[in-house]
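Engineer: Contents of input.cif (mmCIF, C-alpha atoms) are given next:
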```cif
data_upload
loop_
_atom_site.label_atom_id
_atom_site.label_comp_id
_atom_site.auth_asym_id
_atom_site.auth_seq_id
_atom_site.Cartn_x
_atom_site.Cartn_y
_atom_site.Cartn_z
CA MET A 19 -19.95 -2.16 15.96
CA ARG A 20 -22.19 0.85 16.48
CA THR A 21 -20.10 1.82 19.49
CA PHE A 22 -16.95 1.53 17.37
CA PHE A 23 -18.22 3.99 14.75
CA GLU A 24 -19.48 6.30 17.49
CA GLU A 25 -15.97 6.31 18.96
CA ILE A 26 -14.52 7.19 15.55
CA TRP A 27 -16.89 10.12 15.24
CA ARG A 28 -16.30 11.35 18.79
CA SER A 29 -12.52 11.02 18.37
CA ILE A 30 -12.77 13.39 15.43
CA SER A 31 -15.45 15.84 16.58
CA ASP A 32 -15.59 15.89 20.39
CA PHE A 33 -12.43 16.85 22.27
CA LYS A 34 -14.22 16.37 25.59
CA PHE A 35 -14.38 12.68 24.66
CA TYR A 36 -10.67 12.42 25.54
CA LYS A 37 -11.47 12.89 29.20
CA ASP A 38 -13.33 9.57 28.96
CA VAL A 39 -10.62 8.03 26.78
CA LYS A 40 -7.95 8.44 29.43
CA SER A 41 -9.89 6.09 31.72
CA PHE A 42 -10.23 3.30 29.13
CA SER A 43 -8.28 0.10 29.54
CA VAL A 44 -5.23 -0.45 27.34
CA GLY A 45 -6.98 -3.48 25.84
CA LYS A 46 -9.93 -1.36 24.74
CA SER A 47 -7.64 1.21 23.10
CA ILE A 48 -5.63 -1.48 21.32
CA LYS A 49 -8.84 -3.11 20.09
CA TYR A 50 -10.06 0.25 18.79
CA ILE A 51 -6.90 1.07 16.86
CA LEU A 52 -6.64 -2.45 15.40
CA LEU A 53 -10.27 -2.34 14.22
CA PHE A 54 -9.76 1.11 12.77
CA ILE A 55 -6.62 -0.04 10.94
CA LEU A 56 -8.62 -3.02 9.67
CA LEU A 57 -11.26 -0.68 8.24
CA ILE A 58 -8.69 1.60 6.57
CA SER A 59 -6.79 -1.41 5.21
CA LEU A 60 -9.94 -2.86 3.66
CA ILE A 61 -10.82 0.43 1.95
CA LEU A 62 -7.28 0.89 0.61
CA THR A 63 -7.09 -2.73 -0.58
CA ILE A 64 -10.33 -2.34 -2.54
CA ARG A 65 -9.00 0.87 -4.09
CA TYR A 66 -5.60 -0.60 -4.96
CA SER A 67 -7.20 -3.77 -6.30
CA TYR A 68 -9.34 -1.66 -8.62
CA GLY A 69 -6.23 0.15 -9.80
CA PHE A 70 -4.40 -3.14 -10.21
CA GLY A 71 -7.24 -4.53 -12.30
CA ALA A 72 -7.32 -1.41 -14.47
CA GLY A 73 -3.58 -1.74 -14.95
CA LEU A 74 -3.98 -5.35 -16.03
CA ASN A 75 -6.55 -4.32 -18.63
CA ILE A 76 -4.18 -1.71 -20.02
CA ALA A 77 -1.29 -4.20 -20.06
CA ALA A 78 -3.41 -6.86 -21.77
CA GLU A 79 -4.53 -4.44 -24.46
CA TRP A 80 -0.97 -3.27 -24.99
CA MET A 81 0.29 -6.86 -25.28
CA LYS A 82 -2.48 -7.70 -27.73
CA LYS A 83 -1.44 -4.84 -30.01
CA ASN A 84 2.34 -5.07 -29.66
CA LEU A 85 3.54 -8.57 -28.75
CA PRO A 86 3.44 -11.86 -30.65
CA VAL A 87 2.41 -15.18 -29.11
CA ILE A 88 5.17 -16.52 -26.85
CA GLU A 89 5.51 -20.23 -26.11
CA ILE A 90 7.78 -21.75 -23.46
CA GLN A 91 8.38 -25.51 -23.46
CA ASN A 92 10.67 -27.10 -20.88
CA GLY A 93 12.37 -23.80 -20.18
CA ILE A 94 12.93 -22.84 -23.82
CA ALA A 95 11.12 -19.87 -25.35
CA SER A 96 10.04 -19.69 -28.97
CA VAL A 97 8.34 -16.94 -30.96
CA ASP A 98 7.09 -16.96 -34.54
CA VAL A 99 8.35 -13.49 -35.47
CA GLU A 100 11.43 -11.96 -37.03
CA GLN A 101 14.02 -11.35 -34.32
CA PRO A 102 15.28 -9.33 -32.60
CA TYR A 103 11.75 -8.02 -32.11
CA LYS A 104 11.59 -4.68 -30.33
CA VAL A 105 8.75 -2.47 -29.14
CA SER A 106 9.04 0.56 -26.88
CA GLN A 107 6.72 2.73 -24.81
CA ASP A 108 8.09 5.99 -23.39
CA ASP A 109 11.37 5.00 -21.68
CA MET A 110 10.46 1.29 -21.49
CA VAL A 111 11.54 -1.24 -24.13
CA VAL A 112 10.55 -4.87 -24.67
CA ILE A 113 12.90 -6.98 -26.76
CA ILE A 114 12.35 -10.58 -27.82
CA ASP A 115 15.43 -12.37 -29.11
CA THR A 116 15.76 -16.13 -28.70
CA THR A 117 18.57 -16.24 -31.29
CA GLY A 118 21.24 -14.98 -28.90
CA LYS A 119 22.04 -11.86 -30.91
CA THR A 120 20.84 -9.62 -28.06
CA SER A 121 22.15 -10.40 -24.59
CA SER A 122 21.78 -7.15 -22.65
CA LEU A 123 19.74 -3.98 -22.34
CA ASP A 124 22.72 -1.64 -22.40
CA GLY A 125 21.70 1.71 -23.79
CA TYR A 126 18.12 1.46 -22.51
CA LYS A 127 16.87 3.09 -19.30
CA ARG A 128 14.34 0.36 -18.52
CA GLY A 129 13.23 -2.75 -20.27
CA VAL A 130 12.51 -6.45 -20.56
CA LEU A 131 14.54 -8.83 -22.71
CA LEU A 132 13.19 -12.31 -23.46
CA MET A 133 16.00 -14.67 -24.46
CA LYS A 134 15.95 -18.37 -25.28
CA ASP A 135 16.11 -19.58 -21.68
CA LYS A 136 15.87 -16.52 -19.48
CA VAL A 137 14.22 -13.14 -18.99
CA LEU A 138 16.23 -10.04 -18.18
CA TYR A 139 14.45 -7.18 -16.44
CA LYS A 140 16.18 -3.80 -16.16
CA GLU A 141 14.52 -1.51 -13.64
CA SER A 142 17.20 1.18 -13.75
CA ASP A 143 20.86 1.69 -14.62
CA VAL A 144 21.82 0.23 -11.26
CA LYS A 145 19.30 -2.61 -10.96
CA THR A 146 18.91 -5.50 -13.38
CA GLU A 147 17.40 -8.88 -12.55
CA ILE A 148 17.60 -12.19 -14.44
CA TYR A 149 14.92 -14.89 -14.26
CA ASN A 150 15.72 -18.40 -15.48
CA LEU A 151 12.99 -20.20 -17.44
CA ALA A 152 14.19 -23.71 -16.51
CA ASP A 153 11.20 -24.34 -14.22
CA VAL A 154 8.61 -23.32 -16.83
CA LYS A 155 7.41 -26.57 -18.40
CA ASN A 156 4.52 -25.46 -20.58
CA LEU A 157 3.30 -21.90 -21.00
CA LYS A 158 1.69 -20.06 -23.87
CA ILE A 159 1.39 -16.30 -23.48
CA ASP A 160 -1.40 -15.17 -25.74
CA GLN A 161 -4.77 -13.43 -25.49
CA ASN A 162 -6.38 -16.38 -23.68
CA PHE A 163 -3.55 -16.35 -21.14
CA MET A 164 -3.99 -12.64 -20.52
CA ASN A 165 -7.77 -13.03 -20.15
CA THR A 166 -7.19 -15.72 -17.54
CA VAL A 167 -4.75 -13.48 -15.69
CA LYS A 168 -7.20 -10.57 -15.77
CA ASN A 169 -10.06 -12.68 -14.46
CA ASN A 170 -8.14 -14.24 -11.58
CA ALA A 171 -5.16 -12.09 -10.61
CA VAL A 172 -7.09 -9.53 -8.57
CA TRP A 173 -8.74 -12.21 -6.42
CA ILE A 174 -5.42 -13.96 -5.89
CA VAL A 175 -3.59 -10.76 -5.02
CA PHE A 176 -6.36 -9.27 -2.83
CA PRO A 177 -5.74 -11.25 0.41
CA PHE A 178 -1.97 -10.80 0.20
CA MET A 179 -2.37 -7.10 -0.50
CA PHE A 180 -4.82 -6.74 2.39
CA ALA A 181 -2.51 -8.58 4.81
CA GLY A 182 0.48 -6.51 3.71
CA ILE A 183 -1.31 -3.20 4.09
CA TYR A 184 -2.76 -4.20 7.47
CA ILE A 185 0.60 -5.31 8.90
CA TYR A 186 2.36 -2.21 7.55
CA LEU A 187 -0.26 0.18 8.95
CA ALA A 188 -0.40 -1.61 12.32
CA VAL A 189 3.37 -1.47 12.81
CA ALA A 190 3.56 2.15 11.59
CA ARG A 191 0.68 3.34 13.76
CA PHE A 192 1.93 1.76 16.99
CA LEU A 193 5.41 3.19 16.37
CA GLN A 194 3.79 6.55 15.76
CA ILE A 195 1.73 6.34 18.94
CA PHE A 196 4.79 5.46 21.04
CA LEU A 197 7.04 8.11 19.44
CA PHE A 198 4.47 10.89 19.62
CA SER A 199 3.71 10.02 23.24
CA LEU A 200 6.65 12.36 23.91
CA VAL A 201 4.46 15.20 22.65
CA THR A 202 1.69 14.15 25.03
CA ILE A 203 4.13 13.89 27.95
CA PHE A 204 5.49 17.36 27.19
CA ALA A 205 1.99 18.84 26.86
CA ALA A 206 0.96 17.23 30.14
CA ALA A 207 4.04 18.62 31.89
CA VAL A 208 3.51 22.14 30.55
CA THR A 209 -0.19 22.18 31.47
CA LYS A 210 0.46 20.35 34.76
CA THR A 211 -1.98 17.60 33.82
CA GLN A 212 -1.48 14.38 35.78
CA LEU A 213 -1.47 11.43 33.38
CA THR A 214 -0.15 7.89 33.65
CA TYR A 215 1.57 6.33 30.63
CA THR A 216 -1.51 4.14 30.11
CA GLN A 217 -3.65 7.27 29.83
CA ILE A 218 -1.09 8.84 27.49
CA PHE A 219 -1.23 5.74 25.28
CA ASN A 220 -5.03 5.83 25.23
CA ILE A 221 -5.07 9.46 24.14
CA GLY A 222 -2.56 8.71 21.40
CA ALA A 223 -4.54 5.73 20.13
CA TYR A 224 -7.74 7.74 19.67
CA ALA A 225 -6.11 11.03 18.65
CA VAL A 226 -4.56 9.36 15.60
CA THR A 227 -8.03 8.82 14.09
CA THR A 228 -8.33 12.10 12.16
CA SER A 229 -4.80 12.04 10.77
CA MET A 230 -5.26 8.43 9.66
CA ILE A 231 -8.44 9.36 7.83
CA LEU A 232 -6.61 12.21 6.09
CA GLY A 233 -3.73 9.87 5.24
CA GLY A 234 -6.16 7.28 3.93
CA ILE A 235 -7.90 9.84 1.72
CA ALA A 236 -4.52 10.91 0.33
CA ALA A 237 -3.58 7.27 -0.32
CA LEU A 238 -6.80 6.74 -2.28
CA PHE A 239 -5.49 9.09 -4.97
CA MET A 240 -2.57 6.65 -5.49
CA ARG A 241 -0.13 9.48 -6.08
CA ALA A 242 2.26 11.54 -3.95
CA ILE A 243 0.73 14.70 -2.50
CA PRO A 244 3.37 17.30 -1.53
CA GLY A 245 3.38 18.15 2.17
CA VAL A 246 0.75 15.60 3.21
CA GLY A 247 3.14 14.06 5.74
CA TRP A 248 3.55 17.37 7.54
CA VAL A 249 -0.20 17.92 7.56
CA TYR A 250 -0.66 14.39 8.92
CA CYS A 251 1.77 14.97 11.78
CA GLY A 252 0.48 18.47 12.47
CA VAL A 253 -3.11 17.30 12.82
CA TYR A 254 -2.03 14.47 15.13
CA ILE A 255 -0.08 16.86 17.36
CA VAL A 256 -3.06 19.23 17.57
CA TYR A 257 -5.32 16.37 18.66
CA LEU A 258 -2.79 15.14 21.21
CA ILE A 259 -2.36 18.57 22.82
CA THR A 260 -6.08 19.36 22.76
CA GLY A 261 -6.80 15.92 24.19
CA VAL A 262 -4.44 16.62 27.09
CA LEU A 263 -6.04 20.01 27.72
CA ASN A 264 -9.44 18.35 28.00
CA CYS A 265 -8.09 15.82 30.48
CA LYS A 266 -6.91 18.50 32.89
CA GLU A 267 -8.89 18.48 36.09
CA ALA A 268 -10.52 21.78 36.98
#
```
In structure tokens, write the structure found in this file.
Structural biologist:
Amino acid sequence: MRTFFEEIWRSISDFKFYKDVKSFSVGKSIKYILLFILLISLILTIRYSYGFGAGLNIAAEWMKKNLPVIEIQNGIASVDVEQPYKVSQDDMVVIIDTTGKTSSLDGYKRGVLLMKDKVLYKESDVKTEIYNLADVKNLKIDQNFMNTVKNNAVWIVFPFMFAGIYIYLAVARFLQIFLFSLVTIFAAAVTKTQLTYTQIFNIGAYAVTTSMILGGIAALFMRAIPGVGWVYCGVYIVYLITGVLNCKEA
């Protein structure tokens, strides 16, 4: 593991390291990039899980203040409140109407409508989904329910989130390495540096380190940062070209 972290540091700080990288086996390079993706995925999953948990706390507090107790028995919802019951937040509306008086969310940008035997979720003017309650045998949505969700949801979601992030990053990074190998090939041709495709792949696998760290830092903010994609690609290209230059035999 110490060697792994040393390789991360040298990939970032020591361009002469790429002269050694070109002689690595493909298996070693693949192992490095997979371990590095594993590390980034773990960090991002912890960050997103924290955000998910904070979001659950906000949602639970909002439900406590704004929604009545909802009971569902054998697919039929019941609520002890005058209906239709409506509460809104910004451009989002929640309507409870088990009487049948309200059957759509027309006129609302986004919202949730709880009816007697189904839930209608409107994400936008062009996307609305309907969920049947027939399979719900016994459910009571109250403060105890929300506390249970808060205490367990993060741990349930964590492994699935981690697996999803890891698979996504692995596929994206290998596609990136293969696509940007064209940059390495071009740089090698211009500088008349003799490299096999295996050596080109090795350089690409280690050169992606810095840009992945920058991308990971950006992702930790959990918001879009203008131009970060261009910076990401630009840094990667700089490392690829500089890596090739350091592989050129004197």
Engineer: On this structure, which residues satisfy the PyMOL selection byres ((chain A and resi 99) around 12), written as a ChimeraX atom specification?
Structural biologist: /A:84-89,96-98,100-104,113-117
Engineer: Would you work out the distance separating CA of Ile30 (chain A) from CA of Thr227 (chain A), expressed in Å to one decimal?
Structural biologist: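 So the answer is 6.7 Å.
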Engineer: Kindly give the distance, in Å, that separates CA of Ser106 (chain A) and CA of Gly129 (chain A), rounded to a single decimal.
Structural biologist: 8.5 Å
Engineer: Nearest residue to Ala181 (chain A) out of A:Ile259, A:Lys145, A:Val253, A:Leu60, using all atoms listed in the file?
Structural biologist: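 Smallest distance to Ala181 (chain A) is found for A:Leu60.
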Engineer: Which value, in Å to one decimal, gives the distance between CA of Tyr68 (chain A) and CA of Val172 (chain A)?
Structural biologist: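 It comes out at 8.2 Å.
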Engineer: Should you be able to, write region 20-45 of chain A of this structure into a file that contains N, CA, C and O atoms, as a PDB file, in the first residue's frame.
Structural biologist:
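Result written to result06.pdb:
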```pdb
ATOM      1  N   ARG A  20       2.007   1.168   0.687  1.00  0.00           N
ATOM      2  CA  ARG A  20       2.912   2.325   0.702  1.00  0.00           C
ATOM      3  C   ARG A  20       3.384   2.639  -0.712  1.00  0.00           C
ATOM      4  O   ARG A  20       3.452   3.800  -1.115  1.00  0.00           O
ATOM      5  N   THR A  21       3.699   1.586  -1.466  1.00  0.00           N
ATOM      6  CA  THR A  21       4.137   1.772  -2.847  1.00  0.00           C
ATOM      7  C   THR A  21       3.046   2.441  -3.669  1.00  0.00           C
ATOM      8  O   THR A  21       3.318   3.312  -4.501  1.00  0.00           O
ATOM      9  N   PHE A  22       1.799   2.045  -3.436  1.00  0.00           N
ATOM     10  CA  PHE A  22       0.660   2.619  -4.155  1.00  0.00           C
ATOM     11  C   PHE A  22       0.581   4.128  -3.935  1.00  0.00           C
ATOM     12  O   PHE A  22       0.452   4.902  -4.884  1.00  0.00           O
ATOM     13  N   PHE A  23       0.668   4.573  -2.698  1.00  0.00           N
ATOM     14  CA  PHE A  23       0.590   6.008  -2.412  1.00  0.00           C
ATOM     15  C   PHE A  23       1.834   6.748  -2.913  1.00  0.00           C
ATOM     16  O   PHE A  23       1.752   7.919  -3.296  1.00  0.00           O
ATOM     17  N   GLU A  24       2.974   6.067  -2.917  1.00  0.00           N
ATOM     18  CA  GLU A  24       4.169   6.675  -3.489  1.00  0.00           C
ATOM     19  C   GLU A  24       3.991   6.895  -4.987  1.00  0.00           C
ATOM     20  O   GLU A  24       4.413   7.930  -5.540  1.00  0.00           O
ATOM     21  N   GLU A  25       3.344   5.936  -5.651  1.00  0.00           N
ATOM     22  CA  GLU A  25       3.096   6.066  -7.084  1.00  0.00           C
ATOM     23  C   GLU A  25       2.125   7.211  -7.368  1.00  0.00           C
ATOM     24  O   GLU A  25       2.274   7.924  -8.368  1.00  0.00           O
ATOM     25  N   ILE A  26       1.133   7.382  -6.510  1.00  0.00           N
ATOM     26  CA  ILE A  26       0.213   8.510  -6.674  1.00  0.00           C
ATOM     27  C   ILE A  26       0.995   9.818  -6.601  1.00  0.00           C
ATOM     28  O   ILE A  26       0.832  10.699  -7.464  1.00  0.00           O
ATOM     29  N   TRP A  27       1.834   9.934  -5.588  1.00  0.00           N
ATOM     30  CA  TRP A  27       2.591  11.168  -5.401  1.00  0.00           C
ATOM     31  C   TRP A  27       3.547  11.412  -6.563  1.00  0.00           C
ATOM     32  O   TRP A  27       3.639  12.535  -7.081  1.00  0.00           O
ATOM     33  N   ARG A  28       4.237  10.377  -7.003  1.00  0.00           N
ATOM     34  CA  ARG A  28       5.192  10.543  -8.100  1.00  0.00           C
ATOM     35  C   ARG A  28       4.486  10.833  -9.422  1.00  0.00           C
ATOM     36  O   ARG A  28       4.999  11.589 -10.256  1.00  0.00           O
ATOM     37  N   SER A  29       3.285  10.277  -9.607  1.00  0.00           N
ATOM     38  CA  SER A  29       2.508  10.558 -10.818  1.00  0.00           C
ATOM     39  C   SER A  29       2.152  12.026 -10.914  1.00  0.00           C
ATOM     40  O   SER A  29       2.065  12.598 -12.001  1.00  0.00           O
ATOM     41  N   ILE A  30       1.944  12.633  -9.743  1.00  0.00           N
ATOM     42  CA  ILE A  30       1.568  14.045  -9.694  1.00  0.00           C
ATOM     43  C   ILE A  30       2.783  14.962  -9.784  1.00  0.00           C
ATOM     44  O   ILE A  30       2.764  15.966 -10.505  1.00  0.00           O
ATOM     45  N   SER A  31       3.854  14.604  -9.063  1.00  0.00           N
ATOM     46  CA  SER A  31       4.944  15.560  -8.826  1.00  0.00           C
ATOM     47  C   SER A  31       6.229  15.302  -9.597  1.00  0.00           C
ATOM     48  O   SER A  31       7.076  16.196  -9.695  1.00  0.00           O
ATOM     49  N   ASP A  32       6.412  14.116 -10.150  1.00  0.00           N
ATOM     50  CA  ASP A  32       7.695  13.763 -10.755  1.00  0.00           C
ATOM     51  C   ASP A  32       7.483  13.278 -12.191  1.00  0.00           C
ATOM     52  O   ASP A  32       7.142  12.115 -12.425  1.00  0.00           O
ATOM     53  N   PHE A  33       7.703  14.162 -13.156  1.00  0.00           N
ATOM     54  CA  PHE A  33       7.493  13.775 -14.560  1.00  0.00           C
ATOM     55  C   PHE A  33       8.517  12.739 -15.026  1.00  0.00           C
ATOM     56  O   PHE A  33       8.254  11.975 -15.953  1.00  0.00           O
ATOM     57  N   LYS A  34       9.684  12.706 -14.384  1.00  0.00           N
ATOM     58  CA  LYS A  34      10.678  11.706 -14.757  1.00  0.00           C
ATOM     59  C   LYS A  34      10.203  10.289 -14.433  1.00  0.00           C
ATOM     60  O   LYS A  34      10.705   9.315 -14.978  1.00  0.00           O
ATOM     61  N   PHE A  35       9.233  10.204 -13.520  1.00  0.00           N
ATOM     62  CA  PHE A  35       8.652   8.918 -13.137  1.00  0.00           C
ATOM     63  C   PHE A  35       8.047   8.196 -14.340  1.00  0.00           C
ATOM     64  O   PHE A  35       8.009   6.965 -14.387  1.00  0.00           O
ATOM     65  N   TYR A  36       7.607   8.969 -15.348  1.00  0.00           N
ATOM     66  CA  TYR A  36       6.938   8.361 -16.498  1.00  0.00           C
ATOM     67  C   TYR A  36       7.890   7.561 -17.376  1.00  0.00           C
ATOM     68  O   TYR A  36       7.456   6.711 -18.159  1.00  0.00           O
ATOM     69  N   LYS A  37       9.169   7.811 -17.226  1.00  0.00           N
ATOM     70  CA  LYS A  37      10.143   6.983 -17.941  1.00  0.00           C
ATOM     71  C   LYS A  37      10.152   5.572 -17.365  1.00  0.00           C
ATOM     72  O   LYS A  37      10.373   4.592 -18.078  1.00  0.00           O
ATOM     73  N   ASP A  38       9.898   5.462 -16.057  1.00  0.00           N
ATOM     74  CA  ASP A  38       9.764   4.149 -15.424  1.00  0.00           C
ATOM     75  C   ASP A  38       8.395   3.533 -15.745  1.00  0.00           C
ATOM     76  O   ASP A  38       8.286   2.328 -15.979  1.00  0.00           O
ATOM     77  N   VAL A  39       7.382   4.391 -15.777  1.00  0.00           N
ATOM     78  CA  VAL A  39       6.014   3.924 -16.014  1.00  0.00           C
ATOM     79  C   VAL A  39       5.897   3.177 -17.332  1.00  0.00           C
ATOM     80  O   VAL A  39       5.200   2.171 -17.427  1.00  0.00           O
ATOM     81  N   LYS A  40       6.569   3.676 -18.362  1.00  0.00           N
ATOM     82  CA  LYS A  40       6.421   3.066 -19.682  1.00  0.00           C
ATOM     83  C   LYS A  40       6.883   1.608 -19.702  1.00  0.00           C
ATOM     84  O   LYS A  40       6.454   0.832 -20.559  1.00  0.00           O
ATOM     85  N   SER A  41       7.720   1.228 -18.743  1.00  0.00           N
ATOM     86  CA  SER A  41       8.234  -0.146 -18.704  1.00  0.00           C
ATOM     87  C   SER A  41       7.400  -1.064 -17.811  1.00  0.00           C
ATOM     88  O   SER A  41       7.677  -2.260 -17.714  1.00  0.00           O
ATOM     89  N   PHE A  42       6.377  -0.519 -17.144  1.00  0.00           N
ATOM     90  CA  PHE A  42       5.521  -1.346 -16.289  1.00  0.00           C
ATOM     91  C   PHE A  42       4.711  -2.311 -17.143  1.00  0.00           C
ATOM     92  O   PHE A  42       4.465  -2.076 -18.330  1.00  0.00           O
ATOM     93  N   SER A  43       4.254  -3.366 -16.512  1.00  0.00           N
ATOM     94  CA  SER A  43       3.354  -4.294 -17.205  1.00  0.00           C
ATOM     95  C   SER A  43       1.956  -3.686 -17.260  1.00  0.00           C
ATOM     96  O   SER A  43       1.599  -2.831 -16.434  1.00  0.00           O
ATOM     97  N   VAL A  44       1.155  -4.131 -18.225  1.00  0.00           N
ATOM     98  CA  VAL A  44      -0.220  -3.641 -18.325  1.00  0.00           C
ATOM     99  C   VAL A  44      -0.995  -3.980 -17.054  1.00  0.00           C
ATOM    100  O   VAL A  44      -1.790  -3.181 -16.552  1.00  0.00           O
ATOM    101  N   GLY A  45      -0.730  -5.175 -16.519  1.00  0.00           N
ATOM    102  CA  GLY A  45      -1.420  -5.607 -15.307  1.00  0.00           C
ATOM    103  C   GLY A  45      -1.157  -4.672 -14.142  1.00  0.00           C
ATOM    104  O   GLY A  45      -2.066  -4.361 -13.365  1.00  0.00           O
TER     105      GLY A  45
END
```
